[in-house]
$ cat coords_5.tsv   # TSV, C-alpha atoms and all ligand atoms
chain	number	residue	atom	x	y	z
A	6	MET	CA	0.00	0.00	0.00
A	7	GLN	CA	1.26	3.47	-0.80
A	8	PRO	CA	1.25	6.51	1.55
A	9	VAL	CA	-2.17	8.08	1.89
A	10	ARG	CA	-3.12	10.73	-0.69
A	11	ILE	CA	-5.22	13.69	0.46
A	12	ALA	CA	-7.83	15.07	-1.93
A	13	PRO	CA	-9.42	18.30	-0.64
A	14	SER	CA	-12.94	18.78	-1.97
A	15	ILE	CA	-13.41	22.25	-3.46
A	16	LEU	CA	-17.10	21.98	-2.54
A	17	SER	CA	-16.02	23.56	0.77
A	18	ALA	CA	-13.94	26.31	-0.89
A	19	ASP	CA	-14.96	29.96	-1.14
A	20	PHE	CA	-16.45	29.92	-4.66
A	21	ALA	CA	-15.92	33.69	-5.00
A	22	LYS	CA	-12.15	33.03	-4.93
A	23	LEU	CA	-12.03	29.57	-6.47
A	24	GLY	CA	-8.73	29.95	-8.37
A	25	GLY	CA	-6.98	31.24	-5.25
A	26	GLU	CA	-8.46	28.46	-3.14
A	27	VAL	CA	-7.18	25.77	-5.52
A	28	ARG	CA	-3.73	27.41	-5.52
A	29	ALA	CA	-3.81	27.51	-1.71
A	30	ILE	CA	-4.65	23.80	-1.24
A	31	ASP	CA	-2.00	22.91	-3.83
A	32	ALA	CA	0.61	24.90	-1.88
A	33	ALA	CA	-0.66	23.38	1.40
A	34	GLY	CA	0.20	19.85	0.20
A	35	ALA	CA	-2.93	18.46	-1.48
A	36	ASP	CA	-2.12	15.39	-3.57
A	37	TRP	CA	-5.25	15.51	-5.72
A	38	ILE	CA	-8.00	18.11	-6.16
A	39	HIS	CA	-11.44	16.54	-5.57
A	40	ILE	CA	-14.20	17.97	-7.78
A	41	ASP	CA	-17.78	17.22	-6.65
A	42	VAL	CA	-20.29	17.53	-9.48
A	43	MET	CA	-23.94	17.38	-8.37
A	44	ASP	CA	-26.85	17.36	-10.78
A	45	GLY	CA	-29.92	18.08	-8.60
A	46	HIS	CA	-31.37	14.75	-9.78
A	47	PHE	CA	-29.16	11.88	-8.62
A	48	VAL	CA	-28.46	13.96	-5.52
A	49	PRO	CA	-30.61	16.74	-4.03
A	50	ASN	CA	-28.07	19.50	-4.62
A	51	ILE	CA	-26.47	21.30	-7.58
A	52	SER	CA	-22.79	22.31	-7.54
A	53	PHE	CA	-21.04	23.17	-10.82
A	54	GLY	CA	-20.19	21.70	-14.21
A	55	PRO	CA	-17.24	21.28	-16.57
A	56	ALA	CA	-16.89	25.00	-17.42
A	57	VAL	CA	-16.17	25.91	-13.79
A	58	MET	CA	-13.78	22.97	-13.47
A	59	LYS	CA	-11.95	24.04	-16.64
A	60	SER	CA	-11.59	27.59	-15.30
A	61	VAL	CA	-9.33	26.32	-12.49
A	62	ARG	CA	-7.50	23.63	-14.49
A	63	GLY	CA	-4.71	26.10	-15.30
A	64	VAL	CA	-3.90	27.08	-11.73
A	65	THR	CA	-2.47	23.71	-10.61
A	66	THR	CA	-0.76	20.67	-12.08
A	67	LYS	CA	-2.18	18.38	-9.37
A	68	PRO	CA	-4.49	15.61	-10.66
A	69	PHE	CA	-8.21	16.41	-10.83
A	70	ASP	CA	-10.16	13.65	-9.07
A	71	VAL	CA	-13.66	14.13	-10.47
A	72	HIS	CA	-16.62	12.68	-8.56
A	73	LEU	CA	-19.67	12.75	-10.83
A	74	MET	CA	-23.00	12.61	-8.98
A	75	ILE	CA	-24.93	12.63	-12.26
A	76	ALA	CA	-27.59	10.24	-13.55
A	77	PRO	CA	-27.48	9.26	-16.32
A	78	VAL	CA	-23.81	10.20	-16.65
A	79	ASP	CA	-22.62	8.98	-20.05
A	80	ALA	CA	-23.53	12.13	-22.01
A	81	TYR	CA	-21.23	14.21	-19.77
A	82	LEU	CA	-18.08	12.09	-19.70
A	83	ASP	CA	-16.45	13.67	-22.78
A	84	ALA	CA	-17.00	17.18	-21.42
A	85	PHE	CA	-15.23	16.39	-18.13
A	86	ALA	CA	-12.38	14.66	-19.95
A	87	GLU	CA	-11.95	17.74	-22.18
A	88	ALA	CA	-12.15	20.06	-19.15
A	89	GLY	CA	-9.06	18.39	-17.66
A	90	ALA	CA	-10.15	15.47	-15.48
A	91	ASP	CA	-7.43	12.95	-14.62
A	92	CYS	CA	-9.65	10.41	-12.88
A	93	ILE	CA	-13.40	10.26	-13.56
A	94	THR	CA	-15.44	8.46	-10.92
A	95	VAL	CA	-19.03	7.41	-11.52
A	96	HIS	CA	-21.67	6.02	-9.18
A	97	TYR	CA	-22.66	2.36	-9.31
A	98	GLU	CA	-26.19	3.48	-8.39
A	99	ALA	CA	-26.47	6.06	-11.19
A	100	GLY	CA	-26.76	3.40	-13.93
A	101	PRO	CA	-28.21	2.22	-16.12
A	102	HIS	CA	-25.04	0.62	-17.56
A	103	ILE	CA	-22.12	1.19	-15.23
A	104	HIS	CA	-19.85	-1.20	-17.14
A	105	ARG	CA	-20.41	0.80	-20.33
A	106	SER	CA	-19.71	4.08	-18.49
A	107	LEU	CA	-16.38	2.70	-17.23
A	108	GLN	CA	-15.49	1.49	-20.75
A	109	HIS	CA	-16.27	4.98	-22.03
A	110	ILE	CA	-13.97	6.63	-19.45
A	111	LYS	CA	-11.13	4.27	-20.37
A	112	SER	CA	-11.68	4.99	-24.09
A	113	LEU	CA	-11.10	8.69	-23.29
A	114	GLY	CA	-7.67	7.79	-21.86
A	115	LYS	CA	-8.64	8.72	-18.30
A	116	ARG	CA	-8.36	6.82	-15.02
A	117	ALA	CA	-11.71	5.23	-14.21
A	118	GLY	CA	-13.25	5.20	-10.75
A	119	ILE	CA	-16.34	3.52	-9.32
A	120	VAL	CA	-18.12	4.96	-6.29
A	121	ILE	CA	-20.58	3.19	-4.02
A	122	CYS	CA	-23.03	4.77	-1.58
A	123	PRO	CA	-23.28	3.78	2.11
A	124	GLY	CA	-26.15	1.34	1.44
A	125	THR	CA	-24.46	-0.45	-1.45
A	126	PRO	CA	-22.58	-3.67	-0.60
A	127	ALA	CA	-18.94	-4.25	-1.58
A	128	LYS	CA	-20.04	-7.31	-3.54
A	129	MET	CA	-21.36	-5.04	-6.30
A	130	LEU	CA	-17.73	-4.54	-7.33
A	131	ASP	CA	-17.18	-8.21	-8.22
A	132	TYR	CA	-17.51	-7.75	-11.99
A	133	LEU	CA	-16.13	-4.19	-12.14
A	134	LEU	CA	-12.85	-4.39	-10.25
A	135	ASP	CA	-10.96	-5.60	-13.32
A	136	MET	CA	-11.66	-2.34	-15.15
A	137	VAL	CA	-11.20	0.38	-12.51
A	138	ASP	CA	-8.20	2.35	-11.26
A	139	LEU	CA	-9.97	3.63	-8.16
A	140	VAL	CA	-12.76	2.59	-5.80
A	141	LEU	CA	-14.41	5.39	-3.84
A	142	VAL	CA	-16.37	4.46	-0.72
A	143	MET	CA	-18.93	7.08	0.31
A	144	SER	CA	-18.95	7.46	4.07
A	145	VAL	CA	-21.92	9.85	3.89
A	146	ASN	CA	-24.93	9.88	1.60
A	147	PRO	CA	-23.83	11.90	-1.43
A	148	GLY	CA	-25.11	15.42	-2.03
A	149	PHE	CA	-23.75	17.67	0.71
A	150	GLY	CA	-20.52	18.53	2.46
A	151	GLY	CA	-20.37	18.81	6.23
A	152	GLN	CA	-22.12	15.53	7.13
A	153	SER	CA	-21.06	13.03	9.78
A	154	PHE	CA	-19.02	9.93	8.91
A	155	ILE	CA	-21.13	6.74	8.91
A	156	PRO	CA	-19.12	4.26	11.06
A	157	SER	CA	-20.48	1.10	9.36
A	158	GLN	CA	-18.46	2.01	6.26
A	159	LEU	CA	-15.17	1.05	7.96
A	160	LYS	CA	-16.08	-2.61	7.61
A	161	LYS	CA	-16.78	-2.09	3.93
A	162	ILE	CA	-13.42	-0.35	3.42
A	163	ALA	CA	-11.66	-3.35	4.98
A	164	ALA	CA	-13.62	-5.77	2.78
A	165	ILE	CA	-12.74	-3.82	-0.37
A	166	ARG	CA	-9.06	-3.63	0.66
A	167	ASN	CA	-9.14	-7.41	0.79
A	168	MET	CA	-10.78	-7.64	-2.65
A	169	ILE	CA	-8.23	-5.24	-4.15
A	170	ASP	CA	-5.27	-7.11	-2.67
A	171	LYS	CA	-6.65	-10.40	-4.00
A	172	SER	CA	-7.14	-8.87	-7.47
A	173	GLY	CA	-3.41	-8.16	-7.76
A	174	ARG	CA	-4.20	-4.90	-9.54
A	175	ALA	CA	-3.04	-1.41	-8.50
A	176	ILE	CA	-6.35	0.15	-7.49
A	177	ASP	CA	-6.64	3.20	-5.24
A	178	LEU	CA	-9.09	2.90	-2.33
A	179	GLU	CA	-10.51	6.33	-1.51
A	180	VAL	CA	-13.01	7.38	1.18
A	181	ASP	CA	-15.28	10.43	0.91
A	182	GLY	CA	-17.50	12.17	3.45
A	183	GLY	CA	-17.11	13.40	7.02
A	184	VAL	CA	-13.40	12.57	7.14
A	185	ASP	CA	-11.57	14.43	9.91
A	186	ALA	CA	-8.26	13.52	11.56
A	187	GLU	CA	-9.88	10.89	13.83
A	188	TRP	CA	-11.82	9.16	11.07
A	189	ALA	CA	-8.83	9.47	8.73
A	190	LYS	CA	-6.78	7.33	11.11
A	191	ARG	CA	-9.48	4.66	11.24
A	192	CYS	CA	-9.95	4.71	7.44
A	193	ILE	CA	-6.20	4.23	6.93
A	194	GLU	CA	-6.18	1.37	9.45
A	195	ALA	CA	-9.06	-0.22	7.54
A	196	GLY	CA	-7.06	-0.06	4.30
A	197	ALA	CA	-7.85	3.27	2.61
A	198	ASP	CA	-4.98	4.91	0.72
A	199	ALA	CA	-6.74	8.11	-0.41
A	200	LEU	CA	-8.99	10.43	1.58
A	201	VAL	CA	-11.35	13.16	0.41
A	202	ALA	CA	-11.99	15.99	2.85
A	203	GLY	CA	-13.86	19.24	2.41
A	204	THR	CA	-14.94	20.62	5.77
A	205	SER	CA	-11.85	19.46	7.67
A	206	VAL	CA	-9.38	20.88	5.13
A	207	PHE	CA	-11.04	24.28	4.55
A	208	ARG	CA	-11.83	24.87	8.24
A	209	GLY	CA	-10.24	28.10	9.53
A	210	GLY	CA	-9.26	29.57	6.17
A	211	PRO	CA	-6.07	29.46	4.06
A	212	ASP	CA	-3.65	29.91	6.98
A	213	HIS	CA	-4.85	26.54	8.33
A	214	TYR	CA	-4.90	24.44	5.15
A	215	ALA	CA	-1.38	22.99	5.50
A	216	ALA	CA	-1.94	21.98	9.15
A	217	ASN	CA	-5.39	20.58	8.35
A	218	ILE	CA	-3.97	18.42	5.53
A	219	ALA	CA	-1.05	17.30	7.71
A	220	ALA	CA	-3.50	16.28	10.48
A	221	LEU	CA	-5.32	13.98	8.05
A	222	ARG	CA	-2.06	12.21	7.18
A	223	GLY	CA	-1.65	11.43	10.89
A	301	LIG	O1	-18.94	13.89	-2.34
A	301	LIG	C1	-19.15	14.65	-1.44
A	301	LIG	C2	-20.53	14.87	-0.94
A	301	LIG	O2	-21.41	14.18	-1.75
A	301	LIG	C3	-18.00	15.42	-0.83
A	301	LIG	O3	-16.80	15.06	-1.48
A	301	LIG	C4	-17.83	15.17	0.64
A	301	LIG	O4	-18.99	15.36	1.36
A	301	LIG	C5	-16.67	15.99	1.22
A	301	LIG	O5	-17.09	16.94	2.10
A	301	LIG	P1	-16.96	16.79	3.71
A	301	LIG	O6	-15.53	16.47	3.99
A	301	LIG	O7	-17.36	18.14	4.16
A	301	LIG	O8	-17.88	15.70	4.12
A	302	FE	FE	-16.99	13.71	-3.38
$ encode --input "coords_5.tsv" --output "structure tokens" --more "lines below"
Ligand SMILES: O=C(CO)[C@H](O)[C@H](O)COP(=O)(O)O
Ligand SMILES: [Fe+2]
Amino acid sequence: MQPVRIAPSILSADFAKLGGEVRAIDAAGADWIHIDVMDGHFVPNISFGPAVMKSVRGVTTKPFDVHLMIAPVDAYLDAFAEAGADCITVHYEAGPHIHRSLQHIKSLGKRAGIVICPGTPAKMLDYLLDMVDLVLVMSVNPGFGGQSFIPSQLKKIAAIRNMIDKSGRAIDLEVDGGVDAEWAKRCIEAGADALVAGTSVFRGGPDHYAANIAALRG
């Protein structure tokens, strides 16, 4: 397993200063930039689309880790690839043809990620693990930042770590939602090697970003 990667979610950034916020988390030690795209249909919230993402692509060379909460998603994959995504992650639950969506992402030359909600069992990955570069475990129900970590997801993280190790493939195991320094430690112990954090990274403003990111690494 590699050292944990920290992916601050810009959902918690000050949108009025988005370019500066992305620069600040880059300078503070972010490994990836997590981009939460919400469609107001799959999830009960709307965030932003590929044009906003593209507008900050030029301010950092860090990978863009794009979490698409869109259903159906296929019609939007090309736009996010063109806007500068490095990894495109789609929801198992957003269907209707998740396997086809993952094939599409790979055909665009991007890393492909699959994300599962808190109520979705790890078993759903059985016939998808051979085609993904990243598994994202939601530790909150998707749609909003600032929610509390759902403890039952630790068991699922451990189960997926086992599945990944058995697969023999290099697949990142990322956790998203309610991750603070305490939960980060438990996620890493359970086998996570990438952590998304919005609230706990952006808390206190730019002067605190480096310490907040360092706290998540433990
Ligand atoms: O995908 C998400 C919500 O659907 C966000 O990435 C996640 O909630 C991060 O924010 P926080 O750390 O505040 O929970
Ligand atoms: Fe996310």
$ residues_near_ligand --input "coords_5.tsv" --ligand "ligand LIG 301 (chain A)" --cutoff "10 Å" --atoms "all atoms listed in the file" --output "MDAnalysis selection string"
chainID A and resid 12:17 39:43 48:50 71:74 120 122 141:154 180:185 200:208
$ residues_around --input "coords_5.tsv" --residues "A:Ile176" --least-positions-apart "5" --cutoff "12 Å" --atoms "all atoms listed in the file" --output "JSON, numbers by chain"
{"A": [6, 7, 116, 117, 118, 119, 133, 134, 135, 136, 137, 138, 139, 140, 141, 165, 166, 167, 168, 169, 170, 171, 196, 197, 198, 199]}
$ write_last_selection --input "coords_5.tsv" --atoms "C-alpha atoms" --output "CSV table (one decimal), in the coordinates of the input"
chain,number,residue,atom,x,y,z
A,6,MET,CA,0.0,0.0,0.0
A,7,GLN,CA,1.3,3.5,-0.8
A,116,ARG,CA,-8.4,6.8,-15.0
A,117,ALA,CA,-11.7,5.2,-14.2
A,118,GLY,CA,-13.2,5.2,-10.8
A,119,ILE,CA,-16.3,3.5,-9.3
A,133,LEU,CA,-16.1,-4.2,-12.1
A,134,LEU,CA,-12.8,-4.4,-10.2
A,135,ASP,CA,-11.0,-5.6,-13.3
A,136,MET,CA,-11.7,-2.3,-15.2
A,137,VAL,CA,-11.2,0.4,-12.5
A,138,ASP,CA,-8.2,2.4,-11.3
A,139,LEU,CA,-10.0,3.6,-8.2
A,140,VAL,CA,-12.8,2.6,-5.8
A,141,LEU,CA,-14.4,5.4,-3.8
A,165,ILE,CA,-12.7,-3.8,-0.4
A,166,ARG,CA,-9.1,-3.6,0.7
A,167,ASN,CA,-9.1,-7.4,0.8
A,168,MET,CA,-10.8,-7.6,-2.6
A,169,ILE,CA,-8.2,-5.2,-4.2
A,170,ASP,CA,-5.3,-7.1,-2.7
A,171,LYS,CA,-6.6,-10.4,-4.0
A,196,GLY,CA,-7.1,-0.1,4.3
A,197,ALA,CA,-7.8,3.3,2.6
A,198,ASP,CA,-5.0,4.9,0.7
A,199,ALA,CA,-6.7,8.1,-0.4
$ atom_distance --input "coords_5.tsv" --atom1 "atom CA of A:Asp79" --atom2 "atom CA of A:His109"
7.8 Å
$ closest_residue --input "coords_5.tsv" --among "A:Ala18, A:Phe47, A:Gly173, A:Met129" --to "A:His104" --atoms "all atoms listed in the file"
A:Met129
$ atom_distance --input "coords_5.tsv" --atom1 "atom CA of A:Trp37" --atom2 "atom CA of A:Lys67"
5.6 Å
$ atom_distance --input "coords_5.tsv" --atom1 "atom CA of A:Leu107" --atom2 "atom CA of A:His46"
20.6 Å
$ closest_residue --input "coords_5.tsv" --among "A:Met58, A:Val64, A:Leu23, A:Ile110" --to "A:Ala80" --atoms "all atoms listed in the file"
A:Ile110
$ closest_residue --input "coords_5.tsv" --among "A:Gly34, A:Val95, A:Gly24, A:Ile103" --to "ligand FE 302 (chain A)" --atoms "all atoms listed in the file"
A:Val95
$ closest_residue --input "coords_5.tsv" --among "A:Thr65, A:Ala90, A:Glu179, A:Gly100" --to "ligand FE 302 (chain A)" --atoms "all atoms listed in the file"
A:Glu179
$ residues_near_point --input "coords_5.tsv" --point "(-15.0, 5.3, 13.3)" --cutoff "12 Å" --atoms "only C-alpha atoms" --output "list in words"
Ser144, Ser153, Phe154, Ile155, Pro156, Ser157, Gln158, Leu159, Lys160, Ile162, Gly183, Val184, Asp185, Ala186, Glu187, Trp188, Ala189, Lys190, Arg191, Cys192, Ile193, Glu194 and Ala195 of chain A
$ residues_around --input "coords_5.tsv" --residues "A:Ala29" --least-positions-apart "6" --cutoff "10 Å" --atoms "all atoms listed in the file" --output "ChimeraX atom specification"
/A:23,35,65,210-212,214-215
$ closest_residue --input "coords_5.tsv" --among "A:Glu98, A:Asp70, A:Asp177, A:Asp83" --to "ligand FE 302 (chain A)" --atoms "only C-alpha atoms and all ligand atoms"
A:Asp70
$ closest_residue --input "coords_5.tsv" --among "A:Ala164, A:Ala88, A:Ser52, A:Thr66" --to "ligand FE 302 (chain A)" --atoms "all atoms listed in the file"
A:Ser52
$ decode --input "coords_5.tsv" --residues "stretch 18-52 of chain A" --atoms "N, CA and C atoms" --output "compact mmCIF listing (two decimals), in the first residue's frame"
# COMPACT_ATOMS: atom_id res chain seq x y z
N ALA A 18 -14.74 25.10 -0.64
CA ALA A 18 -13.94 26.31 -0.89
C ALA A 18 -14.85 27.53 -0.96
N ASP A 19 -14.23 28.71 -0.90
CA ASP A 19 -14.96 29.96 -1.14
C ASP A 19 -15.06 30.13 -2.66
N PHE A 20 -16.27 29.91 -3.20
CA PHE A 20 -16.45 29.92 -4.66
C PHE A 20 -16.13 31.30 -5.27
N ALA A 21 -16.22 32.35 -4.47
CA ALA A 21 -15.92 33.69 -5.00
C ALA A 21 -14.43 33.85 -5.30
N LYS A 22 -13.62 32.95 -4.74
CA LYS A 22 -12.15 33.03 -4.93
C LYS A 22 -11.63 31.67 -5.35
N LEU A 23 -12.33 30.98 -6.23
CA LEU A 23 -12.03 29.57 -6.47
C LEU A 23 -10.59 29.32 -6.94
N GLY A 24 -10.11 30.14 -7.87
CA GLY A 24 -8.73 29.95 -8.37
C GLY A 24 -7.72 30.04 -7.23
N GLY A 25 -7.88 31.04 -6.39
CA GLY A 25 -6.98 31.24 -5.25
C GLY A 25 -7.06 30.09 -4.26
N GLU A 26 -8.26 29.58 -4.06
CA GLU A 26 -8.46 28.46 -3.14
C GLU A 26 -7.74 27.19 -3.64
N VAL A 27 -7.84 26.95 -4.95
CA VAL A 27 -7.18 25.77 -5.52
C VAL A 27 -5.66 25.93 -5.41
N ARG A 28 -5.17 27.13 -5.68
CA ARG A 28 -3.73 27.41 -5.52
C ARG A 28 -3.31 27.17 -4.05
N ALA A 29 -4.15 27.61 -3.14
CA ALA A 29 -3.81 27.51 -1.71
C ALA A 29 -3.76 26.05 -1.24
N ILE A 30 -4.70 25.21 -1.68
CA ILE A 30 -4.65 23.80 -1.24
C ILE A 30 -3.50 23.06 -1.93
N ASP A 31 -3.17 23.48 -3.14
CA ASP A 31 -2.00 22.91 -3.83
C ASP A 31 -0.75 23.21 -3.00
N ALA A 32 -0.57 24.49 -2.66
CA ALA A 32 0.61 24.90 -1.88
C ALA A 32 0.62 24.26 -0.49
N ALA A 33 -0.56 23.95 0.04
CA ALA A 33 -0.66 23.38 1.40
C ALA A 33 -0.40 21.86 1.41
N GLY A 34 -0.19 21.26 0.23
CA GLY A 34 0.20 19.85 0.20
C GLY A 34 -0.86 18.88 -0.30
N ALA A 35 -1.93 19.38 -0.91
CA ALA A 35 -2.93 18.46 -1.48
C ALA A 35 -2.26 17.57 -2.53
N ASP A 36 -2.65 16.29 -2.55
CA ASP A 36 -2.12 15.39 -3.57
C ASP A 36 -2.98 15.44 -4.82
N TRP A 37 -4.29 15.43 -4.62
CA TRP A 37 -5.25 15.51 -5.72
C TRP A 37 -6.23 16.63 -5.37
N ILE A 38 -6.93 17.14 -6.39
CA ILE A 38 -8.00 18.11 -6.16
C ILE A 38 -9.33 17.38 -6.44
N HIS A 39 -10.17 17.29 -5.43
CA HIS A 39 -11.44 16.54 -5.57
C HIS A 39 -12.54 17.50 -6.03
N ILE A 40 -13.20 17.11 -7.13
CA ILE A 40 -14.20 17.97 -7.78
C ILE A 40 -15.56 17.27 -7.67
N ASP A 41 -16.46 17.81 -6.88
CA ASP A 41 -17.78 17.22 -6.65
C ASP A 41 -18.81 17.84 -7.59
N VAL A 42 -19.30 17.02 -8.51
CA VAL A 42 -20.29 17.53 -9.48
C VAL A 42 -21.65 16.93 -9.14
N MET A 43 -22.61 17.80 -8.82
CA MET A 43 -23.94 17.38 -8.37
C MET A 43 -25.00 17.91 -9.32
N ASP A 44 -25.93 17.02 -9.68
CA ASP A 44 -26.85 17.36 -10.78
C ASP A 44 -28.27 17.76 -10.34
N GLY A 45 -28.57 17.74 -9.03
CA GLY A 45 -29.92 18.08 -8.60
C GLY A 45 -30.96 17.02 -8.96
N HIS A 46 -30.48 15.83 -9.36
CA HIS A 46 -31.37 14.75 -9.78
C HIS A 46 -30.94 13.45 -9.11
N PHE A 47 -29.70 13.04 -9.34
CA PHE A 47 -29.16 11.88 -8.62
C PHE A 47 -28.97 12.22 -7.15
N VAL A 48 -28.59 13.47 -6.90
CA VAL A 48 -28.46 13.96 -5.52
C VAL A 48 -29.26 15.27 -5.40
N PRO A 49 -29.72 15.58 -4.20
CA PRO A 49 -30.61 16.74 -4.03
C PRO A 49 -29.85 18.06 -3.88
N ASN A 50 -28.86 18.27 -4.71
CA ASN A 50 -28.07 19.50 -4.62
C ASN A 50 -27.43 19.72 -5.99
N ILE A 51 -27.12 20.96 -6.32
CA ILE A 51 -26.47 21.30 -7.58
C ILE A 51 -25.18 22.03 -7.25
N SER A 52 -24.05 21.61 -7.84
CA SER A 52 -22.79 22.31 -7.54
C SER A 52 -22.33 23.10 -8.76
